[in-house]
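First up is the structure itself, then whatever we jot down about it.
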Amino acid sequence: MAVLPAGSNVYGADFPPSQFDQDWTTILNITTTTYVAGTPEVAVSMTAPSSGKVLVCMGCGIRNNAATTERAIVTYQIFEDSLNGAVFSAPLDDRGVKSCGIAVSQEYQYHGNMDLITGLTPGRSYYFQVVHLSLAGAGTVDIASRNIMVIPVP
Amino acid sequence: MTNNLSAGTRVKALDFPRAFQVFNTTTISNISTTTYVKGTPEIAVRFVAPSSGRVAVHVGAGTSNDGANNDRIFIAFQILEGDPANGTVFQSAESKRGVSNPATQVDRDQFHGHTTMVNGLTPGTYYYAQMLHRVTLGSATADIAHRHLMVWPIP
């Protein structure tokens, strides 16, 4: 057993460090209607804690730069082990951010969303990658910022 | 060295200090300031940085712009070292870490939030997280319906 000096703080070995990535490069005139990672990629990797649960908080700035109802979605997908691994969870619209689709040219609106991811295999590495798409592919929606944080939780 | 822990005792880390939040439903109407101000009442929490030096900061708010203009409103936060009276700014207010409206007339309040990480804090020391807001045009048409600030230590 480890020898602990008086006054030592005992830290749980279980919880790996939380991870955060953000990028404020604009992505303009988006035409993709299938999810893509964007440039630069915004992503983090983490070893799953014993609980198999992590809290994923993501956020972004989106606008539609035309008086149309075009919308964009920024969300994330999860791979096992690495970007080259099997898909653990495909992108879900509902756990991301979707722009408002009012038929008025807008400025960037910043906000976020969070979700609890469960069923991860403790000790296995996972890769969380931010992805985006536009609904109609009109080339009028823009992204100003993307961020993702993954926090191991009990 | 020995300790007084019985076999099977669950050791809980002393590491994580308290999480804090403030939720306030005071409306702030017809905002004209174009530089960040803290508003009345001030929404802020004082917290101790954990050993990881990392905290999650959540800001939430209800925002609207009931004017026929393109005024934008930003709700953000800053983090001061130590005491607010003499604290050095550790993390300045950044619109991309907060919430904002779409710069068009939206008469009804929109409720939303945003959570990001602040890292590099000095473990064991006090910090002061404070909500701030501003508008871009100063049209005095943007409003805040409520504000919510939460800070919790993370691994």
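Naming works like this for the structure tokens: A, B, ... for the chains as they're shown, residue 1 at the start of each chain, ligands 1 onward in shown order.
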(message) Could you pull out the strand (DSSP E) residues of chain A, going by DSSP on the backbone, and write them as a VMD selection string?
(response) chain A and resid 19 to 23 27 to 30 43 to 47 54 to 64 72 to 80 87 to 89 97 to 98 109 to 117 125 to 134 141 to 152
(message) Which residues are near stretch 106-114 of chain A? Cut-off 6 Å, only C-alpha atoms, ignore same chain within fewer than 4 positions. Put them as number ranges by chain.
(response) A: 56-65, 96; B: 99-103, 113-114
Restricting the output to all heavy atoms, write the selected residues as a tab-separated table (two decimals), in the first residue's frame.
```tsv
chain	number	residue	atom	x	y	z
A	56	VAL	N	-20.92	15.37	-22.34
A	56	VAL	CA	-20.38	16.07	-23.49
A	56	VAL	C	-21.10	17.41	-23.63
A	56	VAL	O	-22.34	17.46	-23.76
A	56	VAL	CB	-20.54	15.26	-24.79
A	56	VAL	CG1	-19.97	16.03	-25.97
A	56	VAL	CG2	-19.85	13.91	-24.66
A	57	CYS	N	-20.35	18.49	-23.58
A	57	CYS	CA	-20.88	19.84	-23.74
A	57	CYS	C	-20.30	20.39	-25.04
A	57	CYS	O	-19.09	20.45	-25.20
A	57	CYS	CB	-20.46	20.75	-22.59
A	57	CYS	SG	-20.85	20.11	-20.95
A	58	MET	N	-21.17	20.78	-25.96
A	58	MET	CA	-20.67	21.38	-27.20
A	58	MET	C	-21.38	22.71	-27.43
A	58	MET	O	-22.45	22.97	-26.88
A	58	MET	CB	-20.84	20.44	-28.40
A	58	MET	CG	-22.25	19.96	-28.68
A	58	MET	SD	-23.31	21.15	-29.55
A	58	MET	CE	-22.32	21.54	-30.98
A	59	GLY	N	-20.76	23.54	-28.24
A	59	GLY	CA	-21.36	24.83	-28.54
A	59	GLY	C	-20.81	25.37	-29.84
A	59	GLY	O	-19.82	24.86	-30.38
A	60	CYS	N	-21.45	26.41	-30.36
A	60	CYS	CA	-21.02	26.95	-31.65
A	60	CYS	C	-21.71	28.29	-31.90
A	60	CYS	O	-22.61	28.69	-31.17
A	60	CYS	CB	-21.35	25.98	-32.78
A	60	CYS	SG	-23.11	25.65	-32.90
A	61	GLY	N	-21.26	28.96	-32.94
A	61	GLY	CA	-21.95	30.14	-33.47
A	61	GLY	C	-22.37	29.85	-34.90
A	61	GLY	O	-21.53	29.46	-35.71
A	62	ILE	N	-23.67	30.01	-35.19
A	62	ILE	CA	-24.20	29.73	-36.53
A	62	ILE	C	-25.02	30.93	-37.00
A	62	ILE	O	-25.70	31.57	-36.19
A	62	ILE	CB	-25.14	28.51	-36.54
A	62	ILE	CG1	-24.52	27.29	-35.87
A	62	ILE	CG2	-25.56	28.16	-37.97
A	62	ILE	CD1	-25.48	26.09	-35.79
A	63	ARG	N	-24.99	31.22	-38.30
A	63	ARG	CA	-25.90	32.20	-38.88
A	63	ARG	C	-26.34	31.72	-40.26
A	63	ARG	O	-25.67	30.90	-40.89
A	63	ARG	CB	-25.24	33.56	-39.01
A	63	ARG	CG	-24.22	33.62	-40.14
A	63	ARG	CD	-23.65	35.01	-40.32
A	63	ARG	NE	-22.62	35.01	-41.35
A	63	ARG	CZ	-21.82	36.05	-41.60
A	63	ARG	NH1	-21.92	37.15	-40.89
A	63	ARG	NH2	-20.91	35.97	-42.55
A	64	ASN	N	-27.47	32.28	-40.73
A	64	ASN	CA	-27.85	32.14	-42.13
A	64	ASN	C	-27.74	33.53	-42.74
A	64	ASN	O	-28.48	34.44	-42.38
A	64	ASN	CB	-29.26	31.60	-42.27
A	64	ASN	CG	-29.68	31.50	-43.73
A	64	ASN	OD1	-28.84	31.40	-44.62
A	64	ASN	ND2	-30.98	31.52	-43.98
A	65	ASN	N	-26.82	33.69	-43.67
A	65	ASN	CA	-26.50	35.00	-44.22
A	65	ASN	C	-27.37	35.31	-45.45
A	65	ASN	O	-26.90	35.86	-46.44
A	65	ASN	CB	-25.02	35.03	-44.59
A	65	ASN	CG	-24.47	36.42	-44.72
A	65	ASN	OD1	-25.06	37.37	-44.21
A	65	ASN	ND2	-23.35	36.55	-45.40
A	96	GLY	N	-27.08	18.32	-30.63
A	96	GLY	CA	-26.25	19.41	-31.08
A	96	GLY	C	-26.98	20.74	-31.03
A	96	GLY	O	-27.90	20.93	-30.22
B	99	VAL	N	-23.86	33.19	-24.79
B	99	VAL	CA	-25.03	33.06	-25.65
B	99	VAL	C	-25.34	34.43	-26.26
B	99	VAL	O	-25.00	35.48	-25.70
B	99	VAL	CB	-26.27	32.52	-24.89
B	99	VAL	CG1	-26.00	31.12	-24.38
B	99	VAL	CG2	-26.68	33.43	-23.77
B	100	SER	N	-26.01	34.40	-27.42
B	100	SER	CA	-26.34	35.63	-28.11
B	100	SER	C	-27.60	35.44	-28.92
B	100	SER	O	-28.04	34.31	-29.15
B	100	SER	CB	-25.20	36.07	-29.02
B	100	SER	OG	-25.02	35.14	-30.07
B	101	ASN	N	-28.17	36.55	-29.38
B	101	ASN	CA	-29.38	36.48	-30.20
B	101	ASN	C	-28.97	36.57	-31.68
B	101	ASN	O	-27.82	36.85	-32.00
B	101	ASN	CB	-30.35	37.59	-29.81
B	101	ASN	CG	-29.83	38.96	-30.17
B	101	ASN	OD1	-28.63	39.14	-30.27
B	101	ASN	ND2	-30.71	39.91	-30.39
B	102	PRO	N	-29.90	36.34	-32.60
B	102	PRO	CA	-29.50	36.27	-34.02
B	102	PRO	C	-29.44	37.61	-34.75
B	102	PRO	O	-29.40	37.62	-35.98
B	102	PRO	CB	-30.57	35.36	-34.62
B	102	PRO	CG	-31.77	35.61	-33.80
B	102	PRO	CD	-31.28	35.86	-32.41
B	103	ALA	N	-29.45	38.74	-34.05
B	103	ALA	CA	-29.33	40.05	-34.70
B	103	ALA	C	-30.47	40.33	-35.66
B	103	ALA	O	-30.29	40.75	-36.79
B	103	ALA	CB	-27.99	40.20	-35.42
B	113	GLY	N	-28.27	28.20	-23.44
B	113	GLY	CA	-27.09	28.14	-22.57
B	113	GLY	C	-25.87	27.67	-23.33
B	113	GLY	O	-25.96	27.30	-24.52
B	114	HIS	N	-24.73	27.71	-22.66
B	114	HIS	CA	-23.48	27.32	-23.29
B	114	HIS	C	-22.50	26.97	-22.17
B	114	HIS	O	-22.39	27.71	-21.20
B	114	HIS	CB	-22.94	28.50	-24.12
B	114	HIS	CG	-21.90	28.13	-25.12
B	114	HIS	ND1	-21.45	29.01	-26.09
B	114	HIS	CD2	-21.22	26.98	-25.33
B	114	HIS	CE1	-20.55	28.43	-26.85
B	114	HIS	NE2	-20.38	27.20	-26.41
```
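Distances from B:Val45, B:Val22, B:Ile31, B:Met117 to chain A were compared using only C-alpha atoms, and the smallest one belongs to B:Met117.
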(request) Could you check which of A:Ala67, A:Leu83, A:Val153, A:Ala138 is closest to A:Ser50, using only C-alpha atoms? (result)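 For A:Ser50, the nearest of the candidates is A:Val153.
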(request) Compile the contact shell of B:Val89 as a VMD selection string: residues with an atom at most 7 Å away, counting only C-alpha atoms, same-chain residues fewer than 6 positions apart removed. (result) chain B and resid 79 to 81
Any chance you can output those residues with N, CA, C and O atoms as a short mmCIF file (atom, residue, chain, number, x, y, z; two decimals), in the first residue's frame?
```cif
data_model
loop_
_atom_site.label_atom_id
_atom_site.label_comp_id
_atom_site.auth_asym_id
_atom_site.auth_seq_id
_atom_site.Cartn_x
_atom_site.Cartn_y
_atom_site.Cartn_z
N ILE B 79 -13.54 35.71 -15.55
CA ILE B 79 -13.05 35.13 -14.30
C ILE B 79 -11.91 36.00 -13.78
O ILE B 79 -10.94 36.28 -14.50
N LEU B 80 -12.08 36.42 -12.54
CA LEU B 80 -11.08 37.25 -11.88
C LEU B 80 -10.32 36.40 -10.87
O LEU B 80 -10.88 35.47 -10.28
N GLU B 81 -9.07 36.74 -10.66
CA GLU B 81 -8.28 36.05 -9.64
C GLU B 81 -8.59 36.68 -8.29
O GLU B 81 -8.58 37.90 -8.16
#
```
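Residues in contact with A:Val150 at up to 6 Å, not including ones fewer than 2 positions away on its chain and judged by only C-alpha atoms, are Ser18, Gln19, Leu55 and Val56 of chain A.
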Output for the residues just chosen: all heavy atoms as an mmCIF file, in the first residue's frame:
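Output saved as part28.cif:
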```cif
data_model
loop_
_atom_site.group_PDB
_atom_site.id
_atom_site.type_symbol
_atom_site.label_atom_id
_atom_site.label_comp_id
_atom_site.auth_asym_id
_atom_site.auth_seq_id
_atom_site.Cartn_x
_atom_site.Cartn_y
_atom_site.Cartn_z
ATOM 1 N N SER A 18 -10.527 15.939 -17.883
ATOM 2 C CA SER A 18 -11.524 16.446 -18.824
ATOM 3 C C SER A 18 -10.801 17.026 -20.033
ATOM 4 O O SER A 18 -9.662 17.501 -19.918
ATOM 5 C CB SER A 18 -12.362 17.532 -18.154
ATOM 6 O OG SER A 18 -12.923 17.060 -16.954
ATOM 7 N N GLN A 19 -11.447 16.998 -21.162
ATOM 8 C CA GLN A 19 -10.819 17.481 -22.393
ATOM 9 C C GLN A 19 -11.670 18.561 -23.037
ATOM 10 O O GLN A 19 -12.908 18.491 -23.004
ATOM 11 C CB GLN A 19 -10.640 16.322 -23.382
ATOM 12 C CG GLN A 19 -9.788 15.185 -22.851
ATOM 13 C CD GLN A 19 -8.337 15.566 -22.680
ATOM 14 O OE1 GLN A 19 -7.812 16.411 -23.405
ATOM 15 N NE2 GLN A 19 -7.664 14.960 -21.710
ATOM 16 N N LEU A 55 -19.979 13.383 -19.721
ATOM 17 C CA LEU A 55 -20.853 14.487 -20.091
ATOM 18 C C LEU A 55 -20.189 15.217 -21.257
ATOM 19 O O LEU A 55 -19.018 15.594 -21.170
ATOM 20 C CB LEU A 55 -21.007 15.430 -18.895
ATOM 21 C CG LEU A 55 -21.992 16.577 -19.014
ATOM 22 C CD1 LEU A 55 -23.416 16.080 -19.154
ATOM 23 C CD2 LEU A 55 -21.893 17.476 -17.770
ATOM 24 N N VAL A 56 -20.922 15.368 -22.339
ATOM 25 C CA VAL A 56 -20.380 16.072 -23.494
ATOM 26 C C VAL A 56 -21.104 17.414 -23.634
ATOM 27 O O VAL A 56 -22.335 17.457 -23.762
ATOM 28 C CB VAL A 56 -20.541 15.257 -24.791
ATOM 29 C CG1 VAL A 56 -19.966 16.027 -25.974
ATOM 30 C CG2 VAL A 56 -19.846 13.911 -24.659
#
```
(message) List as a list in words the protein and nucleic acid residues near A:Thr140, meaning an atom at most 10 Å away when only C-alpha atoms are counted, but skip any in the same chain fewer than 5 places from it.
(response)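 Those residues are Leu28, Asn29, Ile30, Thr31, Arg63, Asn64, Asn65, Ala66, Ala67, Thr68, Thr69, Glu70, Arg71, Ala72, Ser105 and Ser134 of chain A.
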I need the residues from that last selection saved to file as a compact mmCIF listing (two decimals), in the first residue's frame (with all heavy atoms), if you can.
```
# COMPACT_ATOMS: atom_id res chain seq x y z
N LEU A 28 -17.53 29.23 -44.06
CA LEU A 28 -18.53 30.05 -44.75
C LEU A 28 -19.20 29.30 -45.90
O LEU A 28 -18.63 28.38 -46.48
CB LEU A 28 -17.87 31.32 -45.29
CG LEU A 28 -17.13 32.19 -44.26
CD1 LEU A 28 -16.45 33.37 -44.94
CD2 LEU A 28 -18.08 32.69 -43.18
N ASN A 29 -20.43 29.72 -46.21
CA ASN A 29 -21.15 29.24 -47.41
C ASN A 29 -21.22 27.72 -47.46
O ASN A 29 -20.81 27.09 -48.44
CB ASN A 29 -20.48 29.79 -48.67
CG ASN A 29 -20.31 31.31 -48.60
OD1 ASN A 29 -21.22 32.01 -48.15
ND2 ASN A 29 -19.17 31.80 -49.02
N ILE A 30 -21.77 27.15 -46.42
CA ILE A 30 -21.77 25.69 -46.27
C ILE A 30 -22.79 25.06 -47.22
O ILE A 30 -23.96 25.45 -47.25
CB ILE A 30 -22.08 25.31 -44.81
CG1 ILE A 30 -20.96 25.86 -43.90
CG2 ILE A 30 -22.24 23.81 -44.65
CD1 ILE A 30 -21.29 25.84 -42.43
N THR A 31 -22.33 24.09 -47.98
CA THR A 31 -23.21 23.41 -48.94
C THR A 31 -23.38 21.93 -48.63
O THR A 31 -24.24 21.28 -49.23
CB THR A 31 -22.64 23.53 -50.37
OG1 THR A 31 -21.30 23.02 -50.36
CG2 THR A 31 -22.63 24.99 -50.84
N ARG A 63 -24.99 31.22 -38.30
CA ARG A 63 -25.90 32.20 -38.88
C ARG A 63 -26.34 31.72 -40.26
O ARG A 63 -25.67 30.90 -40.89
CB ARG A 63 -25.24 33.56 -39.01
CG ARG A 63 -24.22 33.62 -40.14
CD ARG A 63 -23.65 35.01 -40.32
NE ARG A 63 -22.62 35.01 -41.35
CZ ARG A 63 -21.82 36.05 -41.60
NH1 ARG A 63 -21.92 37.15 -40.89
NH2 ARG A 63 -20.91 35.97 -42.55
N ASN A 64 -27.47 32.28 -40.73
CA ASN A 64 -27.85 32.14 -42.13
C ASN A 64 -27.74 33.53 -42.74
O ASN A 64 -28.48 34.44 -42.38
CB ASN A 64 -29.26 31.60 -42.27
CG ASN A 64 -29.68 31.50 -43.73
OD1 ASN A 64 -28.84 31.40 -44.62
ND2 ASN A 64 -30.98 31.52 -43.98
N ASN A 65 -26.82 33.69 -43.67
CA ASN A 65 -26.50 35.00 -44.22
C ASN A 65 -27.37 35.31 -45.45
O ASN A 65 -26.90 35.86 -46.44
CB ASN A 65 -25.02 35.03 -44.59
CG ASN A 65 -24.47 36.42 -44.72
OD1 ASN A 65 -25.06 37.37 -44.21
ND2 ASN A 65 -23.35 36.55 -45.40
N ALA A 66 -28.65 34.97 -45.38
CA ALA A 66 -29.59 35.23 -46.46
C ALA A 66 -31.00 35.22 -45.89
O ALA A 66 -31.25 34.61 -44.84
CB ALA A 66 -29.46 34.18 -47.56
N ALA A 67 -31.93 35.86 -46.57
CA ALA A 67 -33.31 35.94 -46.08
C ALA A 67 -34.08 34.69 -46.51
O ALA A 67 -35.09 34.75 -47.22
CB ALA A 67 -33.98 37.20 -46.60
N THR A 68 -33.58 33.56 -46.09
CA THR A 68 -34.19 32.27 -46.40
C THR A 68 -34.33 31.47 -45.12
O THR A 68 -33.87 31.91 -44.06
CB THR A 68 -33.31 31.47 -47.39
OG1 THR A 68 -32.06 31.19 -46.73
CG2 THR A 68 -33.03 32.26 -48.66
N THR A 69 -34.93 30.31 -45.24
CA THR A 69 -35.10 29.48 -44.04
C THR A 69 -34.01 28.42 -43.91
O THR A 69 -34.18 27.46 -43.16
CB THR A 69 -36.48 28.78 -44.06
OG1 THR A 69 -36.58 28.01 -45.25
CG2 THR A 69 -37.60 29.81 -44.01
N GLU A 70 -32.93 28.59 -44.61
CA GLU A 70 -31.83 27.62 -44.53
C GLU A 70 -31.32 27.51 -43.08
O GLU A 70 -31.26 28.51 -42.35
CB GLU A 70 -30.70 28.04 -45.47
CG GLU A 70 -29.43 27.21 -45.38
CD GLU A 70 -29.56 25.78 -45.89
OE1 GLU A 70 -30.56 25.13 -45.57
OE2 GLU A 70 -28.64 25.31 -46.60
N ARG A 71 -30.97 26.31 -42.69
CA ARG A 71 -30.51 26.06 -41.33
C ARG A 71 -29.25 25.21 -41.36
O ARG A 71 -28.98 24.53 -42.35
CB ARG A 71 -31.58 25.33 -40.51
CG ARG A 71 -32.92 26.00 -40.56
CD ARG A 71 -34.03 25.11 -40.03
NE ARG A 71 -34.04 25.09 -38.58
CZ ARG A 71 -34.91 24.37 -37.87
NH1 ARG A 71 -35.79 23.61 -38.46
NH2 ARG A 71 -34.88 24.41 -36.54
N ALA A 72 -28.54 25.23 -40.26
CA ALA A 72 -27.37 24.37 -40.11
C ALA A 72 -27.45 23.65 -38.76
O ALA A 72 -28.13 24.12 -37.83
CB ALA A 72 -26.08 25.18 -40.18
N SER A 105 -32.00 37.45 -42.78
CA SER A 105 -30.55 37.36 -42.66
C SER A 105 -30.15 37.62 -41.22
O SER A 105 -30.61 38.60 -40.61
CB SER A 105 -29.89 38.36 -43.60
OG SER A 105 -28.49 38.22 -43.54
N SER A 134 -25.55 21.52 -43.51
CA SER A 134 -26.65 22.45 -43.78
C SER A 134 -27.83 21.62 -44.26
O SER A 134 -27.65 20.54 -44.84
CB SER A 134 -26.24 23.48 -44.82
OG SER A 134 -25.93 22.86 -46.05
```
Using only C-alpha atoms, what does the table of chain B residues within 10 Å of chain A look like, with each row giving the shortest atom pair and its distance in Å to one decimal, sorted by chain and ascending number, as CSV?
```
residue,atom,partner,partner_atom,distance
B:Met1,CA,A:Val3,CA,6.0
B:Thr2,CA,A:Val3,CA,7.7
B:Asn3,CA,A:Leu4,CA,8.6
B:Val11,CA,A:Val10,CA,7.7
B:Lys12,CA,A:Gly12,CA,7.0
B:Ala13,CA,A:Tyr11,CA,4.8
B:Leu14,CA,A:Asn9,CA,6.1
B:Asp15,CA,A:Tyr11,CA,6.4
B:Phe16,CA,A:Tyr11,CA,9.1
B:Ser51,CA,A:Tyr11,CA,8.9
B:Ser52,CA,A:Pro17,CA,7.5
B:Arg54,CA,A:Ser18,CA,7.9
B:Val55,CA,A:Ser18,CA,9.2
B:Ala56,CA,A:Met149,CA,8.8
B:His58,CA,A:Gly112,CA,9.6
B:Val59,CA,A:His111,CA,9.2
B:Gly60,CA,A:His111,CA,8.7
B:Asn70,CA,A:Gln106,CA,8.2
B:Asp71,CA,A:Glu107,CA,9.5
B:Arg72,CA,A:Glu107,CA,8.0
B:Ile73,CA,A:Gln109,CA,9.5
B:Phe74,CA,A:Tyr110,CA,8.5
B:Ile75,CA,A:Tyr110,CA,9.4
B:Ser95,CA,A:Tyr110,CA,7.6
B:Lys96,CA,A:Tyr110,CA,6.1
B:Arg97,CA,A:Tyr110,CA,7.5
B:Gly98,CA,A:Tyr110,CA,6.3
B:Val99,CA,A:Tyr110,CA,4.7
B:Ser100,CA,A:Gln109,CA,5.1
B:Asn101,CA,A:Gln109,CA,5.4
B:Pro102,CA,A:Gln109,CA,5.0
B:Ala103,CA,A:Glu107,CA,5.2
B:Thr104,CA,A:Gln106,CA,6.2
B:Gln105,CA,A:Val104,CA,9.3
B:Val106,CA,A:Ile102,CA,9.8
B:Phe111,CA,A:His111,CA,9.8
B:His112,CA,A:His111,CA,6.4
B:Gly113,CA,A:His111,CA,5.5
B:His114,CA,A:Gly112,CA,4.3
B:Thr115,CA,A:Cys57,CA,6.1
B:Thr116,CA,A:Met149,CA,6.6
B:Met117,CA,A:Phe20,CA,6.4
B:Val118,CA,A:Phe20,CA,8.9
B:Asn119,CA,A:Phe20,CA,9.1
B:Ile154,CA,A:Ser18,CA,6.7
B:Pro155,CA,A:Pro17,CA,5.0
```
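Interatomic distance, atom CA of B:Met131 against atom CA of B:Val37: 8.3 Å.
Here atom CA of B:Phe23 stands at a distance of 21.1 Å from atom CA of B:Asp83.
Across the structure, atom CA of B:Val48 and atom CA of B:His146 are spaced 25.6 Å apart.
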(message) List as JSON, numbers by chain the protein and nucleic acid residues near B:Ala145, meaning an atom at most 10 Å away when only C-alpha atoms are counted, but skip any in the same chain fewer than 3 places from it.
(response) {"B": [24, 25, 26, 27, 28, 29, 61, 62, 63, 64, 108, 109, 110, 111]}
